[in-house]
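So this block is my_file18.txt, compact mmCIF, C-alpha atoms and all ligand atoms:
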```txt
# COMPACT_ATOMS: atom_id res chain seq x y z
CA MET A 1 -213.17 104.59 65.60
CA LYS A 2 -212.83 100.92 66.45
CA GLU A 3 -215.09 99.58 69.19
CA LYS A 4 -213.25 98.12 72.23
CA LEU A 5 -215.74 96.46 74.54
CA VAL A 6 -215.17 95.83 78.25
CA PRO A 7 -217.75 94.72 80.84
CA LEU A 8 -219.75 97.59 82.34
CA LYS A 9 -218.99 97.98 86.04
CA ASP A 10 -218.84 101.27 87.92
CA GLN A 11 -216.94 103.37 85.37
CA ARG A 12 -217.55 107.07 84.89
CA PHE A 13 -218.68 108.83 81.73
CA GLY A 14 -218.94 112.41 80.52
CA CYS A 15 -219.42 113.07 76.80
CA GLN A 16 -216.59 115.13 75.25
CA MET A 17 -218.67 115.97 72.14
CA CYS A 18 -216.03 114.58 69.78
CA GLY A 19 -218.68 113.08 67.48
CA GLU A 20 -216.57 109.96 66.92
CA CYS A 21 -219.37 107.57 67.92
CA CYS A 22 -221.46 108.99 65.07
CA ARG A 23 -218.96 108.02 62.38
CA ASN A 24 -218.13 104.64 60.87
CA ARG A 25 -220.94 102.85 62.71
CA TRP A 26 -224.18 101.30 61.53
CA VAL A 27 -226.84 102.33 64.03
CA PRO A 28 -229.72 99.81 64.15
CA LEU A 29 -233.21 101.33 64.24
CA SER A 30 -236.42 100.08 65.76
CA LEU A 31 -239.71 100.74 63.95
CA ARG A 32 -240.57 103.21 66.69
CA ASP A 33 -237.21 104.98 66.22
CA ILE A 34 -238.09 105.34 62.54
CA PHE A 35 -241.50 106.82 63.31
CA ARG A 36 -240.07 109.24 65.87
CA MET A 37 -237.40 110.38 63.40
CA ASN A 38 -239.87 110.53 60.54
CA GLY A 39 -241.70 113.18 62.54
CA VAL A 40 -238.84 115.59 61.75
CA THR A 41 -237.23 114.13 58.58
CA PRO A 42 -238.55 112.08 55.65
CA ILE A 43 -237.65 108.39 55.90
CA GLU A 44 -235.78 108.48 52.59
CA ALA A 45 -233.36 111.06 54.04
CA PHE A 46 -232.05 108.73 56.76
CA LEU A 47 -233.11 105.10 56.38
CA LEU A 48 -230.81 102.53 54.84
CA ILE A 49 -231.69 98.87 54.40
CA TRP A 50 -228.46 97.05 55.04
CA ASN A 51 -227.82 93.51 53.85
CA GLU A 52 -231.40 93.42 52.52
CA LYS A 53 -232.89 93.17 56.01
CA LYS A 54 -231.37 95.44 58.71
CA LEU A 55 -232.80 98.91 59.24
CA VAL A 56 -229.97 101.35 59.97
CA ILE A 57 -229.22 105.08 59.72
CA ASP A 58 -227.57 106.10 56.49
CA ARG A 59 -224.04 107.55 56.49
CA ARG A 60 -222.50 110.31 54.40
CA GLU A 61 -219.89 109.29 51.86
CA TRP A 62 -217.42 112.09 52.59
CA ASP A 63 -216.75 111.28 56.28
CA ASN A 64 -218.76 108.11 56.94
CA GLY A 65 -220.70 110.16 59.48
CA CYS A 66 -224.35 109.72 60.38
CA VAL A 67 -226.60 111.95 58.27
CA PHE A 68 -227.74 113.70 61.46
CA LEU A 69 -224.27 114.67 62.66
CA LYS A 70 -223.55 118.38 62.29
CA ASP A 71 -220.45 120.06 63.78
CA ASN A 72 -220.06 117.02 66.08
CA ILE A 73 -223.57 117.48 67.44
CA CYS A 74 -226.59 115.26 66.88
CA GLU A 75 -229.27 117.27 65.07
CA ILE A 76 -232.03 115.03 66.46
CA ASN A 77 -230.71 114.70 70.00
CA LYS A 78 -234.15 114.69 71.67
CA ILE A 79 -235.47 111.87 69.49
CA LYS A 80 -232.26 110.08 68.61
CA PRO A 81 -232.43 106.27 68.25
CA LEU A 82 -232.46 104.21 71.41
CA ILE A 83 -229.09 102.64 70.62
CA CYS A 84 -227.55 106.12 70.43
CA ARG A 85 -229.12 106.97 73.80
CA LEU A 86 -227.52 103.88 75.30
CA TYR A 87 -224.02 104.55 73.92
CA PRO A 88 -221.22 104.16 75.13
CA VAL A 89 -222.99 101.24 76.77
CA ALA A 90 -223.79 98.29 74.54
CA LEU A 91 -226.30 95.57 75.23
CA SER A 92 -226.16 91.87 74.43
CA GLU A 93 -228.57 89.06 75.25
CA VAL A 94 -225.64 86.61 75.27
CA PRO A 95 -222.19 86.97 76.87
CA ILE A 96 -219.62 88.14 74.35
CA LEU A 97 -216.50 88.43 76.53
CA LYS A 98 -214.93 86.20 79.15
CA ARG A 99 -215.90 86.73 82.82
CA ASN A 100 -219.12 88.65 82.16
CA VAL A 101 -221.42 89.33 85.06
CA PRO A 102 -225.07 89.35 84.00
CA TYR A 103 -227.56 92.09 84.79
CA TYR A 104 -231.27 91.43 85.25
CA LEU A 105 -234.20 93.40 83.90
CA LYS A 106 -237.37 93.90 85.95
CA ASN A 107 -238.93 90.93 84.17
CA ASP A 108 -235.90 88.82 85.27
CA LYS A 109 -234.49 88.62 81.79
CA LYS A 110 -230.71 88.20 81.89
CA ILE A 111 -228.65 90.62 79.80
CA TYR A 112 -225.00 91.58 79.44
CA LEU A 113 -223.77 95.16 79.36
CA TYR A 114 -220.52 96.40 77.88
CA LEU A 115 -218.76 99.68 77.55
CA ASP A 116 -217.00 100.92 74.44
CA LYS A 117 -213.60 101.91 75.83
CA SER A 118 -212.72 103.77 72.64
CA CYS A 119 -215.15 106.54 73.69
CA LYS A 120 -213.18 109.57 74.90
CA GLY A 121 -215.72 110.27 77.64
CA ILE A 122 -215.00 107.11 79.64
CA GLY A 123 -213.37 107.88 82.99
CA LYS A 124 -214.76 111.43 83.05
CA GLY A 125 -218.01 112.78 84.47
CA LYS A 126 -220.46 110.82 86.59
CA LYS A 127 -220.84 107.12 87.33
CA PHE A 128 -223.37 105.35 85.14
CA ASP A 129 -226.90 105.11 86.50
CA ILE A 130 -227.36 101.35 86.10
CA GLU A 131 -231.09 101.45 86.94
CA LYS A 132 -231.72 103.94 84.15
CA ILE A 133 -229.63 101.87 81.74
CA LEU A 134 -231.60 98.73 82.58
CA ASP A 135 -234.90 100.56 81.99
CA LEU A 136 -233.65 101.73 78.60
CA CYS A 137 -232.46 98.21 77.74
CA GLU A 138 -235.92 96.84 78.47
CA ILE A 139 -237.42 99.30 75.99
CA ILE A 140 -234.72 98.56 73.39
CA ILE A 141 -235.28 94.80 73.56
CA GLN A 142 -239.03 95.26 73.23
CA GLU A 143 -238.81 97.74 70.34
CA LEU A 144 -236.27 95.68 68.41
CA LYS A 145 -238.41 92.57 68.87
CA GLU A 146 -241.28 94.42 67.18
CA THR A 147 -239.04 95.48 64.28
CA SER A 148 -238.55 93.93 60.85
CA LEU A 149 -238.32 95.09 57.26
CA GLU A 150 -241.56 93.25 56.48
CA LYS A 151 -243.43 95.13 59.21
CA LEU A 152 -242.02 98.44 57.98
CA ILE A 153 -243.16 97.68 54.41
CA ASP A 154 -246.64 96.76 55.71
CA ILE A 155 -246.97 100.07 57.48
CA ILE A 156 -245.53 102.59 54.98
S1 LIG B 1 -217.35 109.07 71.30
FE1 LIG B 1 -217.92 109.32 73.47
S2 LIG B 1 -217.12 111.37 73.98
FE2 LIG B 1 -217.21 111.27 71.76
S3 LIG B 1 -219.25 112.11 71.22
FE3 LIG B 1 -219.46 109.88 71.39
S4 LIG B 1 -220.15 109.55 73.49
FE4 LIG B 1 -219.27 111.61 73.43
S1 LIG B 2 -228.62 109.86 65.35
FE1 LIG B 2 -227.41 111.39 66.40
S2 LIG B 2 -226.38 110.30 68.06
FE2 LIG B 2 -227.12 108.76 66.61
S3 LIG B 2 -225.37 108.38 65.24
FE3 LIG B 2 -226.65 109.97 64.31
S4 LIG B 2 -225.77 111.92 64.97
FE4 LIG B 2 -224.99 110.30 66.32
```

For the structure just supplied, provide its representation as structure tokens.
Ligand code: SF4
Ligand code: SF4
Amino acid sequence: MKEKLVPLKDQRFGCQMCGECCRNRWVPLSLRDIFRMNGVTPIEAFLLIWNEKKLVIDRREWDNGCVFLKDNICEINKIKPLICRLYPVALSEVPILKRNVPYYLKNDKKIYLYLDKSCKGIGKGKKFDIEKILDLCEIIIQELKETSLEKLIDII
């Protein structure tokens, strides 16, 4: 599925369990994501080093799906990567569309939030809880800042 980003406002969302967001995407991982996931699966079963530096979840060849996707359900739902928890919202530290309104984290950091309109759950379910999203974004920014291939190699 091809990502179609629009600014996040007061849209509604209810997951339709189509599994499409778990195919054809490279999901970036923080070091802490990797440790959480390694608690249930060996690193070599899911970690891919992309472009010689990015840490992402590996995909299956036959459907380009995430290795944790089974019958359209995430097998590691409770400990899935932070970026998967945020989806269909996407976070950027710089504006990537025209007419973006910034959001502010508790530490006053300015961020930009987008919604992937290609997700079938947009327009259904409940309105997004922006406070919760901002809290998650704060954790994501912190965890990704602490993440690098070099640090992973040092630790494992
Ligand atoms: S694409 Fe949207 S509706 Fe489909 S599984 Fe992902 S979040 Fe749910
Ligand atoms: S970890 Fe789970 S939610 Fe994230 S892409 Fe894989 S199957 Fe989907």

- Kindly work out which residues sit at most 12 Å from ligand LIG 2 (chain B), using all atoms listed in the file, and give the list as JSON, numbers by chain. {"A": [15, 17, 18, 19, 20, 21, 22, 23, 24, 25, 26, 27, 28, 29, 33, 34, 36, 37, 41, 46, 47, 56, 57, 58, 59, 60, 64, 65, 66, 67, 68, 69, 70, 71, 72, 73, 74, 75, 76, 77, 78, 79, 80, 81, 82, 83, 84, 85, 86, 87, 88]}

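Nearest to Leu113 (chain A) of all the residues A:Glu44, A:Glu146, A:Asp10, A:Glu52 is A:Asp10, counting only C-alpha atoms.
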
- [ ] Find the distance between CA of Val6 (chain A) and CA of Lys117 (chain A) and write it in Å to one decimal.
- [x]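 So the two atoms, CA of Val6 (chain A) and CA of Lys117 (chain A), lie 6.7 Å apart.
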
Ligand LIG 1 (chain B): axis-aligned bounding box, 8 Å on each side, centre and edge lengths in Å, one decimal, as lines of an AutoDock Vina configuration file:
```
center_x = -218.6
center_y = 110.6
center_z = 72.6
size_x = 19.0
size_y = 19.0
size_z = 18.8
```

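Distance annotation: of A:Phe13, A:Tyr104, A:Tyr112, A:Phe128, the residue with the minimal separation from ligand LIG 1 (chain B) is A:Phe13; atom set is all atoms listed in the file.
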
Nearest to ligand LIG 1 (chain B), restricted to only C-alpha atoms and all ligand atoms and choosing among A:Glu93, A:Glu150, A:Glu3, A:Asp135, comes out as A:Glu3

Judged by only C-alpha atoms and all ligand atoms, the minimum distance to ligand LIG 1 (chain B) among A:Ile130, A:Leu5, A:Cys119, A:Leu55 is found for A:Cys119

Just give me the gap between CA of Lys120 (chain A) and CA of Leu8 (chain A) in Å, one decimal is fine.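 Taking CA of Lys120 (chain A) and CA of Leu8 (chain A), their separation equals 15.6 Å.
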
Residue nearest ligand LIG 1 (chain B) - candidates A:Pro95, A:Pro102, A:Gly14, A:Gly125, atoms counted: all atoms listed in the file
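Nearest candidate to ligand LIG 1 (chain B) out of A:Pro95, A:Pro102, A:Gly14, A:Gly125: A:Gly14.
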
| For Phe35 (chain A), which of A:Lys54, A:Val101, A:Lys145, A:Ile155 is the closest residue, counting all atoms listed in the file? |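 Nearest to Phe35 (chain A): A:Ile155.
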
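The two atoms in question, CA of Arg12 (chain A) and atom S1 of ligand LIG 1 (chain B), are spaced 13.7 Å apart.
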
Would you mind completing region 59-91 of chain A so that it carries N, CA and C atoms, and writing it out as a PDB file, in the frame of the given file?
```pdb
ATOM      1  N   ARG A  59    -225.252 106.767  56.195  1.00  0.00           N
ATOM      2  CA  ARG A  59    -224.040 107.550  56.490  1.00  0.00           C
ATOM      3  C   ARG A  59    -223.650 108.368  55.261  1.00  0.00           C
ATOM      4  N   ARG A  60    -222.971 109.490  55.518  1.00  0.00           N
ATOM      5  CA  ARG A  60    -222.500 110.310  54.400  1.00  0.00           C
ATOM      6  C   ARG A  60    -221.249 109.679  53.813  1.00  0.00           C
ATOM      7  N   GLU A  61    -221.071 109.896  52.500  1.00  0.00           N
ATOM      8  CA  GLU A  61    -219.890 109.290  51.860  1.00  0.00           C
ATOM      9  C   GLU A  61    -218.604 109.996  52.283  1.00  0.00           C
ATOM     10  N   TRP A  62    -218.673 111.335  52.444  1.00  0.00           N
ATOM     11  CA  TRP A  62    -217.420 112.090  52.590  1.00  0.00           C
ATOM     12  C   TRP A  62    -216.696 111.854  53.915  1.00  0.00           C
ATOM     13  N   ASP A  63    -217.448 111.529  55.012  1.00  0.00           N
ATOM     14  CA  ASP A  63    -216.750 111.280  56.280  1.00  0.00           C
ATOM     15  C   ASP A  63    -217.285 110.050  57.006  1.00  0.00           C
ATOM     16  N   ASN A  64    -218.155 109.296  56.316  1.00  0.00           N
ATOM     17  CA  ASN A  64    -218.760 108.110  56.940  1.00  0.00           C
ATOM     18  C   ASN A  64    -219.551 108.459  58.196  1.00  0.00           C
ATOM     19  N   GLY A  65    -219.943 109.712  58.301  1.00  0.00           N
ATOM     20  CA  GLY A  65    -220.700 110.160  59.480  1.00  0.00           C
ATOM     21  C   GLY A  65    -222.194 109.956  59.280  1.00  0.00           C
ATOM     22  N   CYS A  66    -222.889 109.819  60.391  1.00  0.00           N
ATOM     23  CA  CYS A  66    -224.350 109.720  60.380  1.00  0.00           C
ATOM     24  C   CYS A  66    -224.915 110.974  59.699  1.00  0.00           C
ATOM     25  N   VAL A  67    -226.017 110.804  58.986  1.00  0.00           N
ATOM     26  CA  VAL A  67    -226.600 111.950  58.270  1.00  0.00           C
ATOM     27  C   VAL A  67    -227.128 113.030  59.225  1.00  0.00           C
ATOM     28  N   PHE A  68    -227.257 112.712  60.492  1.00  0.00           N
ATOM     29  CA  PHE A  68    -227.740 113.700  61.460  1.00  0.00           C
ATOM     30  C   PHE A  68    -226.618 114.387  62.242  1.00  0.00           C
ATOM     31  N   LEU A  69    -225.391 114.078  61.924  1.00  0.00           N
ATOM     32  CA  LEU A  69    -224.270 114.670  62.660  1.00  0.00           C
ATOM     33  C   LEU A  69    -223.875 116.006  62.018  1.00  0.00           C
ATOM     34  N   LYS A  70    -223.937 117.066  62.809  1.00  0.00           N
ATOM     35  CA  LYS A  70    -223.550 118.380  62.290  1.00  0.00           C
ATOM     36  C   LYS A  70    -222.637 119.058  63.298  1.00  0.00           C
ATOM     37  N   ASP A  71    -221.437 119.426  62.886  1.00  0.00           N
ATOM     38  CA  ASP A  71    -220.450 120.060  63.780  1.00  0.00           C
ATOM     39  C   ASP A  71    -220.303 119.258  65.075  1.00  0.00           C
ATOM     40  N   ASN A  72    -220.234 117.951  64.938  1.00  0.00           N
ATOM     41  CA  ASN A  72    -220.060 117.020  66.080  1.00  0.00           C
ATOM     42  C   ASN A  72    -221.249 116.987  67.034  1.00  0.00           C
ATOM     43  N   ILE A  73    -222.370 117.495  66.596  1.00  0.00           N
ATOM     44  CA  ILE A  73    -223.570 117.480  67.440  1.00  0.00           C
ATOM     45  C   ILE A  73    -224.690 116.756  66.702  1.00  0.00           C
ATOM     46  N   CYS A  74    -225.469 115.982  67.466  1.00  0.00           N
ATOM     47  CA  CYS A  74    -226.590 115.260  66.880  1.00  0.00           C
ATOM     48  C   CYS A  74    -227.747 116.230  66.653  1.00  0.00           C
ATOM     49  N   GLU A  75    -228.190 116.321  65.389  1.00  0.00           N
ATOM     50  CA  GLU A  75    -229.270 117.270  65.070  1.00  0.00           C
ATOM     51  C   GLU A  75    -230.626 116.818  65.603  1.00  0.00           C
ATOM     52  N   ILE A  76    -230.735 115.531  65.975  1.00  0.00           N
ATOM     53  CA  ILE A  76    -232.030 115.030  66.460  1.00  0.00           C
ATOM     54  C   ILE A  76    -231.879 114.511  67.892  1.00  0.00           C
ATOM     55  N   ASN A  77    -231.074 115.197  68.668  1.00  0.00           N
ATOM     56  CA  ASN A  77    -230.710 114.700  70.000  1.00  0.00           C
ATOM     57  C   ASN A  77    -231.922 114.236  70.836  1.00  0.00           C
ATOM     58  N   LYS A  78    -233.010 115.024  70.811  1.00  0.00           N
ATOM     59  CA  LYS A  78    -234.150 114.690  71.670  1.00  0.00           C
ATOM     60  C   LYS A  78    -234.870 113.418  71.236  1.00  0.00           C
ATOM     61  N   ILE A  79    -234.764 113.069  69.967  1.00  0.00           N
ATOM     62  CA  ILE A  79    -235.470 111.870  69.490  1.00  0.00           C
ATOM     63  C   ILE A  79    -234.500 110.879  68.850  1.00  0.00           C
ATOM     64  N   LYS A  80    -233.243 110.959  69.252  1.00  0.00           N
ATOM     65  CA  LYS A  80    -232.260 110.080  68.610  1.00  0.00           C
ATOM     66  C   LYS A  80    -232.584 108.615  68.907  1.00  0.00           C
ATOM     67  N   PRO A  81    -232.105 107.687  68.058  1.00  0.00           N
ATOM     68  CA  PRO A  81    -232.430 106.270  68.250  1.00  0.00           C
ATOM     69  C   PRO A  81    -232.020 105.759  69.626  1.00  0.00           C
ATOM     70  N   LEU A  82    -232.720 104.751  70.078  1.00  0.00           N
ATOM     71  CA  LEU A  82    -232.460 104.210  71.410  1.00  0.00           C
ATOM     72  C   LEU A  82    -231.026 103.740  71.573  1.00  0.00           C
ATOM     73  N   ILE A  83    -230.475 103.148  70.529  1.00  0.00           N
ATOM     74  CA  ILE A  83    -229.090 102.640  70.620  1.00  0.00           C
ATOM     75  C   ILE A  83    -228.106 103.793  70.820  1.00  0.00           C
ATOM     76  N   CYS A  84    -228.404 104.943  70.227  1.00  0.00           N
ATOM     77  CA  CYS A  84    -227.550 106.120  70.430  1.00  0.00           C
ATOM     78  C   CYS A  84    -227.699 106.634  71.859  1.00  0.00           C
ATOM     79  N   ARG A  85    -228.916 106.511  72.413  1.00  0.00           N
ATOM     80  CA  ARG A  85    -229.120 106.970  73.800  1.00  0.00           C
ATOM     81  C   ARG A  85    -228.355 106.085  74.770  1.00  0.00           C
ATOM     82  N   LEU A  86    -228.210 104.824  74.420  1.00  0.00           N
ATOM     83  CA  LEU A  86    -227.520 103.880  75.300  1.00  0.00           C
ATOM     84  C   LEU A  86    -225.996 104.058  75.254  1.00  0.00           C
ATOM     85  N   TYR A  87    -225.474 104.432  74.091  1.00  0.00           N
ATOM     86  CA  TYR A  87    -224.020 104.550  73.920  1.00  0.00           C
ATOM     87  C   TYR A  87    -223.410 105.495  74.972  1.00  0.00           C
ATOM     88  N   PRO A  88    -222.213 105.180  75.508  1.00  0.00           N
ATOM     89  CA  PRO A  88    -221.220 104.160  75.130  1.00  0.00           C
ATOM     90  C   PRO A  88    -221.469 102.781  75.732  1.00  0.00           C
ATOM     91  N   VAL A  89    -222.654 102.584  76.284  1.00  0.00           N
ATOM     92  CA  VAL A  89    -222.990 101.240  76.770  1.00  0.00           C
ATOM     93  C   VAL A  89    -223.560 100.456  75.594  1.00  0.00           C
ATOM     94  N   ALA A  90    -223.245  99.186  75.561  1.00  0.00           N
ATOM     95  CA  ALA A  90    -223.790  98.290  74.540  1.00  0.00           C
ATOM     96  C   ALA A  90    -224.436  97.108  75.239  1.00  0.00           C
ATOM     97  N   LEU A  91    -225.479  96.615  74.628  1.00  0.00           N
ATOM     98  CA  LEU A  91    -226.300  95.570  75.230  1.00  0.00           C
ATOM     99  C   LEU A  91    -226.195  94.285  74.417  1.00  0.00           C
TER     100      LEU A  91
END
```
